[in-house]
$ cat coords-v5.json   # JSON, C-alpha atoms
[["chain", "number", "residue", "atom", "x", "y", "z"],
["A", 1, "MET", "CA", 17.84, -4.82, 3.34],
["A", 2, "ALA", "CA", 17.73, -3.87, 7.02],
["A", 3, "ASP", "CA", 13.99, -3.45, 6.60],
["A", 4, "SER", "CA", 13.30, -7.10, 5.83],
["A", 5, "LYS", "CA", 14.86, -8.23, 9.11],
["A", 6, "LYS", "CA", 12.10, -6.66, 11.15],
["A", 7, "ARG", "CA", 9.38, -8.96, 12.42],
["A", 8, "VAL", "CA", 6.51, -6.60, 11.63],
["A", 9, "PRO", "CA", 6.80, -4.32, 8.59],
["A", 10, "MET", "CA", 5.57, -1.01, 9.99],
["A", 11, "ASN", "CA", 5.03, 0.67, 6.63],
["A", 12, "HIS", "CA", 2.62, -2.14, 5.66],
["A", 13, "VAL", "CA", 0.70, -1.76, 8.93],
["A", 14, "ILE", "CA", 0.50, 2.02, 8.51],
["A", 15, "GLY", "CA", -0.60, 1.62, 4.89],
["A", 16, "PHE", "CA", -3.29, -0.88, 5.90],
["A", 17, "ILE", "CA", -4.67, 1.40, 8.64],
["A", 18, "LEU", "CA", -4.61, 4.39, 6.26],
["A", 19, "SER", "CA", -6.55, 2.37, 3.65],
["A", 20, "LEU", "CA", -9.17, 1.31, 6.20],
["A", 21, "VAL", "CA", -9.61, 4.89, 7.44],
["A", 22, "MET", "CA", -9.90, 6.28, 3.92],
["A", 23, "THR", "CA", -12.45, 3.61, 2.95],
["A", 24, "LEU", "CA", -14.57, 4.40, 5.99],
["A", 25, "VAL", "CA", -14.35, 8.16, 5.42],
["A", 26, "ALA", "CA", -15.37, 7.69, 1.76],
["A", 27, "ALA", "CA", -18.28, 5.45, 2.74],
["A", 28, "TRP", "CA", -19.40, 7.89, 5.42],
["A", 29, "ALA", "CA", -19.20, 10.84, 3.00],
["A", 30, "ALA", "CA", -21.26, 8.99, 0.40],
["A", 31, "ILE", "CA", -23.87, 7.37, 2.64],
["A", 32, "GLN", "CA", -24.25, 9.41, 5.83],
["A", 33, "SER", "CA", -23.11, 12.97, 5.24],
["A", 34, "ASP", "CA", -25.30, 15.79, 3.88],
["A", 35, "LEU", "CA", -22.49, 17.28, 1.81],
["A", 36, "PRO", "CA", -23.40, 18.45, -1.71],
["A", 37, "VAL", "CA", -23.19, 15.61, -4.26],
["A", 38, "THR", "CA", -20.47, 17.31, -6.33],
["A", 39, "TRP", "CA", -18.25, 17.68, -3.27],
["A", 40, "VAL", "CA", -18.87, 14.09, -2.23],
["A", 41, "ILE", "CA", -17.85, 12.83, -5.68],
["A", 42, "ILE", "CA", -14.72, 14.99, -5.82],
["A", 43, "GLY", "CA", -13.81, 14.03, -2.26],
["A", 44, "ILE", "CA", -14.22, 10.27, -2.66],
["A", 45, "MET", "CA", -12.34, 10.26, -6.00],
["A", 46, "ILE", "CA", -9.42, 12.03, -4.28],
["A", 47, "LEU", "CA", -9.58, 9.44, -1.47],
["A", 48, "ALA", "CA", -9.51, 6.64, -4.07],
["A", 49, "LEU", "CA", -6.41, 8.11, -5.72],
["A", 50, "LEU", "CA", -4.71, 8.44, -2.32],
["A", 51, "GLN", "CA", -5.55, 4.81, -1.54],
["A", 52, "ALA", "CA", -4.14, 3.70, -4.88],
["A", 53, "GLY", "CA", -0.99, 5.62, -3.91],
["A", 54, "VAL", "CA", -0.82, 3.76, -0.60],
["A", 55, "GLN", "CA", -1.05, 0.43, -2.42],
["A", 56, "LEU", "CA", 1.60, 1.39, -4.96],
["A", 57, "PHE", "CA", 4.14, 3.04, -2.69],
["A", 58, "MET", "CA", 3.68, 1.19, 0.58],
["A", 59, "PHE", "CA", 2.74, -2.31, -0.65],
["A", 60, "MET", "CA", 4.00, -2.68, -4.21],
["A", 61, "HIS", "CA", 7.58, -1.42, -3.79],
["A", 62, "VAL", "CA", 7.08, 0.84, -6.80],
["A", 63, "THR", "CA", 10.22, 2.89, -6.03],
["A", 64, "GLU", "CA", 12.47, 0.06, -4.84],
["A", 65, "ALA", "CA", 16.08, 0.80, -5.86],
["A", 66, "SER", "CA", 17.25, -2.82, -5.60],
["A", 67, "SER", "CA", 14.88, -3.83, -8.40],
["A", 68, "GLY", "CA", 17.41, -2.46, -10.88],
["A", 69, "ASN", "CA", 14.47, -1.30, -12.98],
["A", 70, "GLY", "CA", 15.02, 2.40, -12.34],
["A", 71, "HIS", "CA", 11.93, 4.50, -12.97],
["A", 72, "VAL", "CA", 10.14, 1.95, -15.15],
["A", 73, "PRO", "CA", 7.52, 0.76, -12.60],
["A", 74, "TRP", "CA", 6.71, 4.30, -11.58],
["A", 75, "ASN", "CA", 6.53, 5.44, -15.21],
["A", 76, "MET", "CA", 4.25, 2.58, -16.23],
["A", 77, "MET", "CA", 1.81, 3.39, -13.45],
["A", 78, "PHE", "CA", 1.94, 7.13, -14.01],
["A", 79, "HIS", "CA", 1.32, 6.84, -17.75],
["A", 80, "GLY", "CA", -1.29, 4.14, -17.23],
["A", 81, "PHE", "CA", -3.27, 6.40, -14.91],
["A", 82, "ALA", "CA", -2.76, 9.44, -17.15],
["A", 83, "LEU", "CA", -4.21, 7.44, -20.07],
["A", 84, "ALA", "CA", -7.06, 6.21, -17.84],
["A", 85, "GLY", "CA", -7.93, 9.82, -16.98],
["A", 86, "ILE", "CA", -7.87, 10.84, -20.64],
["A", 87, "ILE", "CA", -9.99, 7.84, -21.73],
["A", 88, "VAL", "CA", -12.64, 8.30, -19.04],
["A", 89, "ALA", "CA", -12.86, 12.09, -19.14],
["A", 90, "GLY", "CA", -12.61, 12.13, -22.95],
["A", 91, "SER", "CA", -15.39, 9.54, -23.36],
["A", 92, "LEU", "CA", -17.67, 11.43, -20.98],
["A", 93, "PHE", "CA", -16.95, 14.68, -22.79],
["A", 94, "VAL", "CA", -17.47, 13.32, -26.30],
["A", 95, "MET", "CA", -20.61, 11.40, -25.38],
["A", 96, "SER", "CA", -22.13, 14.39, -23.60],
["A", 97, "PHE", "CA", -23.14, 15.85, -26.98],
["A", 98, "GLY", "CA", -26.50, 14.93, -28.50],
["A", 99, "HIS", "CA", -27.84, 12.84, -25.66],
["A", 100, "ASP", "CA", -30.99, 11.58, -27.39],
["A", 101, "HIS", "CA", -30.26, 7.96, -28.31],
["A", 102, "GLY", "CA", -33.74, 6.58, -28.82],
["A", 103, "ASP", "CA", -34.70, 6.62, -25.17],
["A", 104, "THR", "CA", -38.41, 6.67, -24.67],
["A", 105, "GLY", "CA", -39.70, 10.07, -23.75],
["A", 106, "GLU", "CA", -40.57, 8.87, -20.30],
["A", 107, "HIS", "CA", -37.03, 7.88, -19.45],
["A", 108, "GLN", "CA", -35.65, 11.00, -20.99],
["A", 109, "GLN", "CA", -37.84, 13.02, -18.71],
["A", 110, "HIS", "CA", -36.87, 10.92, -15.75],
["A", 111, "GLU", "CA", -33.21, 11.40, -16.47],
["A", 112, "GLN", "CA", -33.58, 15.11, -16.99],
["A", 113, "GLN", "CA", -35.39, 15.43, -13.75],
["A", 114, "GLU", "CA", -32.65, 13.49, -12.06],
["A", 115, "SER", "CA", -29.93, 15.73, -13.37],
["A", 116, "GLU", "CA", -31.93, 18.78, -12.38],
["A", 117, "ASP", "CA", -32.17, 17.36, -8.90],
["A", 118, "HIS", "CA", -28.39, 17.11, -8.77],
["A", 119, "SER", "CA", -27.72, 20.64, -9.85],
["A", 120, "GLY", "CA", -30.29, 21.77, -7.35],
["A", 121, "HIS", "CA", -28.31, 20.37, -4.43],
["B", 1, "MET", "CA", 24.17, -5.59, -15.11],
["B", 2, "ALA", "CA", 25.91, -8.76, -16.20],
["B", 3, "ALA", "CA", 24.26, -12.15, -16.31],
["B", 4, "GLU", "CA", 25.96, -13.30, -13.10],
["B", 5, "GLU", "CA", 24.10, -13.41, -9.85],
["B", 6, "LEU", "CA", 24.18, -10.72, -7.20],
["B", 7, "LYS", "CA", 25.01, -11.87, -3.71],
["B", 8, "THR", "CA", 22.88, -9.40, -1.77],
["B", 9, "GLY", "CA", 19.39, -7.95, -1.97],
["B", 10, "PRO", "CA", 16.06, -9.73, -2.40],
["B", 11, "LEU", "CA", 16.32, -13.08, -4.23],
["B", 12, "GLU", "CA", 13.90, -12.05, -6.96],
["B", 13, "TYR", "CA", 16.17, -9.18, -8.08],
["B", 14, "ARG", "CA", 19.47, -11.07, -8.08],
["B", 15, "THR", "CA", 19.45, -12.28, -11.68],
["B", 16, "GLN", "CA", 18.87, -10.18, -14.73],
["B", 17, "GLU", "CA", 16.13, -12.58, -15.75],
["B", 18, "GLY", "CA", 14.34, -11.88, -12.47],
["B", 19, "GLN", "CA", 14.69, -8.13, -12.88],
["B", 20, "MET", "CA", 13.48, -8.21, -16.48],
["B", 21, "GLY", "CA", 10.55, -10.47, -15.57],
["B", 22, "ILE", "CA", 9.42, -8.05, -12.90],
["B", 23, "MET", "CA", 9.87, -5.07, -15.18],
["B", 24, "GLY", "CA", 7.85, -6.86, -17.85],
["B", 25, "PHE", "CA", 5.09, -7.39, -15.33],
["B", 26, "TRP", "CA", 5.00, -3.67, -14.53],
["B", 27, "ILE", "CA", 4.51, -3.03, -18.26],
["B", 28, "PHE", "CA", 1.67, -5.57, -18.24],
["B", 29, "LEU", "CA", 0.10, -3.78, -15.26],
["B", 30, "GLY", "CA", 0.30, -0.50, -17.19],
["B", 31, "ALA", "CA", -1.69, -2.18, -19.98],
["B", 32, "GLU", "CA", -4.18, -3.53, -17.42],
["B", 33, "VAL", "CA", -4.77, 0.00, -16.12],
["B", 34, "VAL", "CA", -5.73, 1.02, -19.66],
["B", 35, "LEU", "CA", -7.92, -2.07, -20.14],
["B", 36, "PHE", "CA", -9.89, -1.18, -17.03],
["B", 37, "ALA", "CA", -9.92, 2.48, -18.07],
["B", 38, "THR", "CA", -11.90, 1.54, -21.21],
["B", 39, "LEU", "CA", -14.39, -0.40, -19.06],
["B", 40, "PHE", "CA", -14.70, 2.49, -16.59],
["B", 41, "ALA", "CA", -15.23, 4.90, -19.49],
["B", 42, "THR", "CA", -17.96, 2.67, -20.95],
["B", 43, "TYR", "CA", -19.61, 2.44, -17.54],
["B", 44, "ALA", "CA", -19.42, 6.20, -16.99],
["B", 45, "VAL", "CA", -20.92, 6.93, -20.43],
["B", 46, "LEU", "CA", -23.76, 4.46, -19.93],
["B", 47, "PHE", "CA", -24.49, 5.56, -16.38],
["B", 48, "GLY", "CA", -28.21, 6.21, -15.94],
["B", 49, "ARG", "CA", -29.23, 4.27, -19.04],
["B", 50, "THR", "CA", -31.12, 1.64, -17.09],
["B", 51, "ALA", "CA", -34.12, 1.38, -19.45],
["B", 52, "ASP", "CA", -36.82, -0.65, -17.65],
["B", 53, "ALA", "CA", -34.40, -2.40, -15.27],
["B", 54, "PRO", "CA", -34.03, -1.39, -11.61],
["B", 55, "LEU", "CA", -31.91, 1.64, -10.76],
["B", 56, "PRO", "CA", -28.49, 1.06, -9.18],
["B", 57, "SER", "CA", -29.52, 3.13, -6.15],
["B", 58, "GLU", "CA", -32.34, 0.62, -5.55],
["B", 59, "LEU", "CA", -30.03, -2.40, -5.60],
["B", 60, "PHE", "CA", -26.62, -1.29, -4.27],
["B", 61, "GLU", "CA", -26.32, -1.99, -0.57],
["B", 62, "PRO", "CA", -23.55, -0.38, 1.48],
["B", 63, "GLY", "CA", -23.19, -3.35, 3.85],
["B", 64, "ILE", "CA", -22.15, -6.10, 1.45],
["B", 65, "VAL", "CA", -19.96, -3.77, -0.62],
["B", 66, "LEU", "CA", -18.09, -2.58, 2.48],
["B", 67, "VAL", "CA", -17.54, -6.19, 3.56],
["B", 68, "MET", "CA", -16.14, -7.02, 0.11],
["B", 69, "THR", "CA", -13.89, -3.96, 0.23],
["B", 70, "PHE", "CA", -12.52, -4.84, 3.66],
["B", 71, "LEU", "CA", -11.94, -8.46, 2.59],
["B", 72, "LEU", "CA", -9.92, -7.36, -0.42],
["B", 73, "LEU", "CA", -8.05, -4.61, 1.47],
["B", 74, "THR", "CA", -7.07, -7.08, 4.20],
["B", 75, "SER", "CA", -6.02, -9.65, 1.62],
["B", 76, "SER", "CA", -3.79, -7.05, -0.02],
["B", 77, "PHE", "CA", -2.22, -6.37, 3.40],
["B", 78, "THR", "CA", -1.66, -10.07, 4.14],
["B", 79, "CYS", "CA", -0.20, -10.51, 0.66],
["B", 80, "GLY", "CA", 2.31, -7.76, 1.54],
["B", 81, "LEU", "CA", 3.11, -9.62, 4.76],
["B", 82, "ALA", "CA", 3.67, -12.81, 2.73],
["B", 83, "ILE", "CA", 6.30, -11.07, 0.60],
["B", 84, "HIS", "CA", 7.85, -9.60, 3.75],
["B", 85, "GLU", "CA", 8.16, -13.13, 5.18],
["B", 86, "MET", "CA", 9.59, -14.35, 1.88],
["B", 87, "ARG", "CA", 12.31, -11.72, 2.06],
["B", 88, "ARG", "CA", 13.13, -12.81, 5.59],
["B", 89, "GLY", "CA", 13.69, -16.25, 4.10],
["B", 90, "SER", "CA", 10.69, -17.88, 5.77],
["B", 91, "VAL", "CA", 8.87, -20.30, 3.46],
["B", 92, "LYS", "CA", 6.47, -21.15, 6.29],
["B", 93, "GLY", "CA", 5.51, -17.50, 6.83],
["B", 94, "LEU", "CA", 5.13, -16.99, 3.09],
["B", 95, "ILE", "CA", 2.80, -19.98, 2.73],
["B", 96, "LEU", "CA", 0.78, -19.09, 5.84],
["B", 97, "TRP", "CA", 0.09, -15.48, 4.80],
["B", 98, "MET", "CA", -0.49, -16.49, 1.17],
["B", 99, "VAL", "CA", -3.12, -19.03, 2.26],
["B", 100, "ILE", "CA", -4.82, -16.35, 4.38],
["B", 101, "THR", "CA", -4.72, -14.04, 1.37],
["B", 102, "LEU", "CA", -6.38, -16.67, -0.79],
["B", 103, "ALA", "CA", -9.05, -17.38, 1.84],
["B", 104, "LEU", "CA", -9.90, -13.67, 1.95],
["B", 105, "GLY", "CA", -9.89, -13.57, -1.85],
["B", 106, "LEU", "CA", -12.30, -16.51, -1.96],
["B", 107, "GLY", "CA", -14.52, -14.74, 0.57],
["B", 108, "PHE", "CA", -14.56, -11.71, -1.68],
["B", 109, "LEU", "CA", -15.49, -13.85, -4.69],
["B", 110, "GLY", "CA", -18.25, -15.57, -2.73],
["B", 111, "PHE", "CA", -19.83, -12.23, -1.83],
["B", 112, "GLU", "CA", -19.49, -11.01, -5.41],
["B", 113, "ILE", "CA", -21.21, -14.12, -6.80],
["B", 114, "TYR", "CA", -23.96, -13.79, -4.17],
["B", 115, "GLU", "CA", -24.34, -10.12, -5.14],
["B", 116, "PHE", "CA", -24.60, -10.87, -8.86],
["B", 117, "VAL", "CA", -27.16, -13.63, -8.28],
["B", 118, "HIS", "CA", -29.14, -11.31, -6.02],
["B", 119, "TYR", "CA", -29.18, -8.58, -8.70],
["B", 120, "ALA", "CA", -30.28, -11.12, -11.30],
["B", 121, "HIS", "CA", -33.21, -12.10, -9.05],
["B", 122, "GLU", "CA", -34.17, -8.45, -8.76],
["B", 123, "GLY", "CA", -34.30, -8.18, -12.53],
["B", 124, "ALA", "CA", -30.90, -6.68, -13.29],
["B", 125, "THR", "CA", -28.90, -8.96, -15.57],
["B", 126, "ILE", "CA", -26.28, -8.31, -18.21],
["B", 127, "GLN", "CA", -29.09, -8.19, -20.80],
["B", 128, "SER", "CA", -31.41, -5.84, -18.88],
["B", 129, "SER", "CA", -30.01, -2.52, -20.00],
["B", 130, "ALA", "CA", -26.94, -0.71, -21.24],
["B", 131, "PHE", "CA", -26.14, 0.36, -17.69],
["B", 132, "TRP", "CA", -26.28, -3.15, -16.24],
["B", 133, "SER", "CA", -24.24, -4.56, -19.16],
["B", 134, "ALA", "CA", -21.50, -2.06, -18.41],
["B", 135, "PHE", "CA", -21.74, -2.76, -14.69],
["B", 136, "PHE", "CA", -21.50, -6.54, -15.01],
["B", 137, "ILE", "CA", -18.67, -6.35, -17.53],
["B", 138, "LEU", "CA", -16.66, -3.96, -15.33],
["B", 139, "ALA", "CA", -17.21, -5.76, -12.00],
["B", 140, "GLY", "CA", -17.12, -9.15, -13.73],
["B", 141, "THR", "CA", -13.77, -8.49, -15.39],
["B", 142, "HIS", "CA", -12.36, -7.61, -11.98],
["B", 143, "GLY", "CA", -13.93, -10.74, -10.48],
["B", 144, "LEU", "CA", -12.43, -12.82, -13.30],
["B", 145, "HIS", "CA", -9.01, -11.36, -12.49],
["B", 146, "VAL", "CA", -9.45, -12.32, -8.83],
["B", 147, "THR", "CA", -10.45, -15.86, -9.86],
["B", 148, "LEU", "CA", -7.42, -16.20, -12.13],
["B", 149, "GLY", "CA", -5.18, -14.81, -9.38],
["B", 150, "ILE", "CA", -6.45, -17.42, -6.91],
["B", 151, "GLY", "CA", -5.78, -20.28, -9.33],
["B", 152, "TRP", "CA", -2.34, -18.88, -10.16],
["B", 153, "ALA", "CA", -1.41, -18.52, -6.48],
["B", 154, "ILE", "CA", -2.52, -22.10, -5.72],
["B", 155, "LEU", "CA", -0.21, -23.37, -8.47],
["B", 156, "LEU", "CA", 2.66, -21.29, -7.06],
["B", 157, "LEU", "CA", 2.02, -22.66, -3.56],
["B", 158, "ILE", "CA", 2.34, -26.21, -4.93],
["B", 159, "GLN", "CA", 5.54, -25.18, -6.69],
["B", 160, "ILE", "CA", 7.13, -23.65, -3.60],
["B", 161, "LYS", "CA", 6.31, -26.77, -1.61],
["B", 162, "GLN", "CA", 8.30, -28.77, -4.16],
["B", 163, "ARG", "CA", 11.17, -26.42, -4.93],
["B", 164, "GLY", "CA", 11.58, -24.12, -1.92],
["B", 165, "LEU", "CA", 12.71, -20.49, -2.11],
["B", 166, "THR", "CA", 14.92, -19.88, -5.14],
["B", 167, "ASN", "CA", 15.57, -16.89, -7.37],
["B", 168, "VAL", "CA", 12.86, -18.18, -9.67],
["B", 169, "THR", "CA", 10.13, -19.05, -7.16],
["B", 170, "SER", "CA", 10.62, -15.81, -5.23],
["B", 171, "ARG", "CA", 10.38, -13.86, -8.49],
["B", 172, "LYS", "CA", 7.11, -15.64, -9.25],
["B", 173, "PHE", "CA", 5.70, -14.86, -5.81],
["B", 174, "PHE", "CA", 6.82, -11.26, -6.02],
["B", 175, "ILE", "CA", 5.01, -10.92, -9.36],
["B", 176, "ILE", "CA", 1.77, -12.41, -8.05],
["B", 177, "SER", "CA", 1.95, -10.04, -5.09],
["B", 178, "LEU", "CA", 2.13, -7.13, -7.54],
["B", 179, "TYR", "CA", -0.87, -8.58, -9.37],
["B", 180, "TRP", "CA", -2.85, -9.00, -6.14],
["B", 181, "HIS", "CA", -2.14, -5.46, -4.90],
["B", 182, "PHE", "CA", -3.07, -4.21, -8.34],
["B", 183, "LEU", "CA", -6.47, -5.94, -8.14],
["B", 184, "ASP", "CA", -7.06, -4.04, -4.92],
["B", 185, "VAL", "CA", -6.18, -0.76, -6.66],
["B", 186, "ILE", "CA", -8.80, -1.52, -9.33],
["B", 187, "TRP", "CA", -11.35, -2.50, -6.69],
["B", 188, "ILE", "CA", -10.85, 0.82, -4.86],
["B", 189, "PHE", "CA", -11.93, 2.59, -8.03],
["B", 190, "ILE", "CA", -14.88, 0.23, -8.59],
["B", 191, "PHE", "CA", -15.93, 0.71, -4.96],
["B", 192, "THR", "CA", -15.70, 4.49, -5.26],
["B", 193, "SER", "CA", -16.90, 5.29, -8.75],
["B", 194, "VAL", "CA", -19.45, 2.49, -9.16],
["B", 195, "TYR", "CA", -20.89, 1.68, -5.74],
["B", 196, "LEU", "CA", -20.45, 4.89, -3.73],
["B", 197, "ILE", "CA", -21.36, 7.22, -6.59],
["B", 198, "GLY", "CA", -24.19, 4.84, -7.55],
["B", 199, "MET", "CA", -25.59, 5.21, -4.04],
["B", 200, "VAL", "CA", -25.17, 9.00, -3.94],
["B", 201, "ILE", "CA", -26.89, 9.68, -7.25]]
$ encode --input "coords-v5.json" --output "structure tokens"
Amino acid sequence: MADSKKRVPMNHVIGFILSLVMTLVAAWAAIQSDLPVTWVIIGIMILALLQAGVQLFMFMHVTEASSGNGHVPWNMMFHGFALAGIIVAGSLFVMSFGHDHGDTGEHQQHEQQESEDHSGH
Amino acid sequence: MAAEELKTGPLEYRTQEGQMGIMGFWIFLGAEVVLFATLFATYAVLFGRTADAPLPSELFEPGIVLVMTFLLLTSSFTCGLAIHEMRRGSVKGLILWMVITLALGLGFLGFEIYEFVHYAHEGATIQSSAFWSAFFILAGTHGLHVTLGIGWAILLLIQIKQRGLTNVTSRKFFIISLYWHFLDVIWIFIFTSVYLIGMVI
């Protein structure tokens, strides 16, 4: 463990700076930029995944050999996130059919208009 | 790996019990990912169903959410430093950085409580609409995890004062560091998919 002898753990510092930069870029893209909404959403979701990667690999020792746990930590996270993707995307997909759930006409219209606005961007 | 103790490497990995405990916690974290996935899915499905309550774009403010994000990000960093100090054998360093971590965590909680109260004043409560129910359950479950983590870490700090760094106490601190980093991972997704997307749309 030569790494633990160092006074300042550089990989933690780099990970922290990377996280800050990615947070600021995501916030800027969402709040300030004039990019199309779809691109903003795709971009900030990719940034979120990258940040999660920073946490896992630079802070959480997910691939530490001395743990004696082999690939288990990595596998748990990978399968957890794969399931998360399936649950979220699957729910959105299934629930996208037959969208009239007793909303008042007014809200329905409002929502429709909203989604038209998005596609118009 | 026999039951005897290793002589090198981080304390928390030296016994099989320590290794198994940490592996078990990774399995728990995998289950937590799925728990939050169900809440995210519910939120995503109910997005836009605000009924007569205010819209998220009217209430979400970038300032406070960014402050909360930076508090939690920094606390995750200081928590990493605490474990680094622990592996250098410094109980003092571990306690110092852990206390800073907890202070930042409490700051985060304070802002979240203020935020929830503010939303309630503006007419968005858990009963207002399907959207706000999903929002408060998702953000609230994360906030509950942070609260539990703070209580847990305080108990561990008392324990390390009494027992010092052993295989067992360092395993416990390593596990809470995993938990704390994990809470930051979840918050990144709440920040992105709830607040940022809520402000864009």
$ residues_around --input "coords-v5.json" --residues "Met77 in chain A" --least-positions-apart "3" --cutoff "9 Å" --atoms "all atoms listed in the file" --output "list of chain:residue names"
A:Leu56, A:Val62, A:Val72, A:Pro73, A:Trp74, A:Gly80, A:Phe81, A:Ala82, B:Trp26, B:Ile27, B:Leu29, B:Gly30, B:Val33
$ atom_distance --input "coords-v5.json" --atom1 "CA of Phe60 in chain B" --atom2 "CA of Ser75 in chain B"
23.0 Å
$ atom_distance --input "coords-v5.json" --atom1 "CA of Arg14 in chain B" --atom2 "CA of Thr74 in chain B"
29.5 Å
$ interface_residues --input "coords-v5.json" --of "chain A" --to "chain B" --cutoff "8 Å" --atoms "all atoms listed in the file" --output "PyMOL selection string"
chain A and resi 1+4-5+9+12-13+16+19-20+26-27+30-31+37+41+44-45+48+51-52+55-56+59-60+66-69+72-73+76-77+79-81+83-85+87-89+91-92+95+103+107+111+118
$ atom_distance --input "coords-v5.json" --atom1 "CA of Leu138 in chain B" --atom2 "CA of Glu112 in chain B"
12.5 Å
$ residues_around --input "coords-v5.json" --residues "Leu156 in chain B" --least-positions-apart "6" --cutoff "12 Å" --atoms "all atoms listed in the file" --output "list in words"
Leu94, Ile95, Met98, Val99, Leu102, Gly149, Ile150, Gln162, Arg163, Gly164, Leu165, Val168, Thr169, Ser170, Arg171, Lys172, Phe173, Phe174, Ile175, Ile176 and Ser177 of chain B
$ closest_residue --input "coords-v5.json" --among "B:Ser90, B:Ala82, B:Pro54, B:Gly105" --to "Val67 in chain B" --atoms "all atoms listed in the file"
B:Gly105
$ closest_residue --input "coords-v5.json" --among "B:Gly21, B:Gly63, B:His142, B:Leu55" --to "Leu24 in chain A" --atoms "all atoms listed in the file"
B:Gly63
$ axis_aligned_box --input "coords-v5.json" --around "range 90-104 of chain B" --padding-each-side "3 Å" --output "lines of an AutoDock Vina configuration file"
center_x = 0.4
center_y = -17.4
center_z = 3.0
size_x = 26.6
size_y = 13.5
size_z = 13.6
$ closest_residue --input "coords-v5.json" --among "B:Leu183, B:Pro56, B:Leu71, B:Ile154" --to "Phe111 in chain B" --atoms "all atoms listed in the file"
B:Leu71
$ closest_residue --input "coords-v5.json" --among "B:Phe47, B:Glu115, B:Leu148, B:Leu72" --to "Phe131 in chain B" --atoms "only C-alpha atoms"
B:Phe47
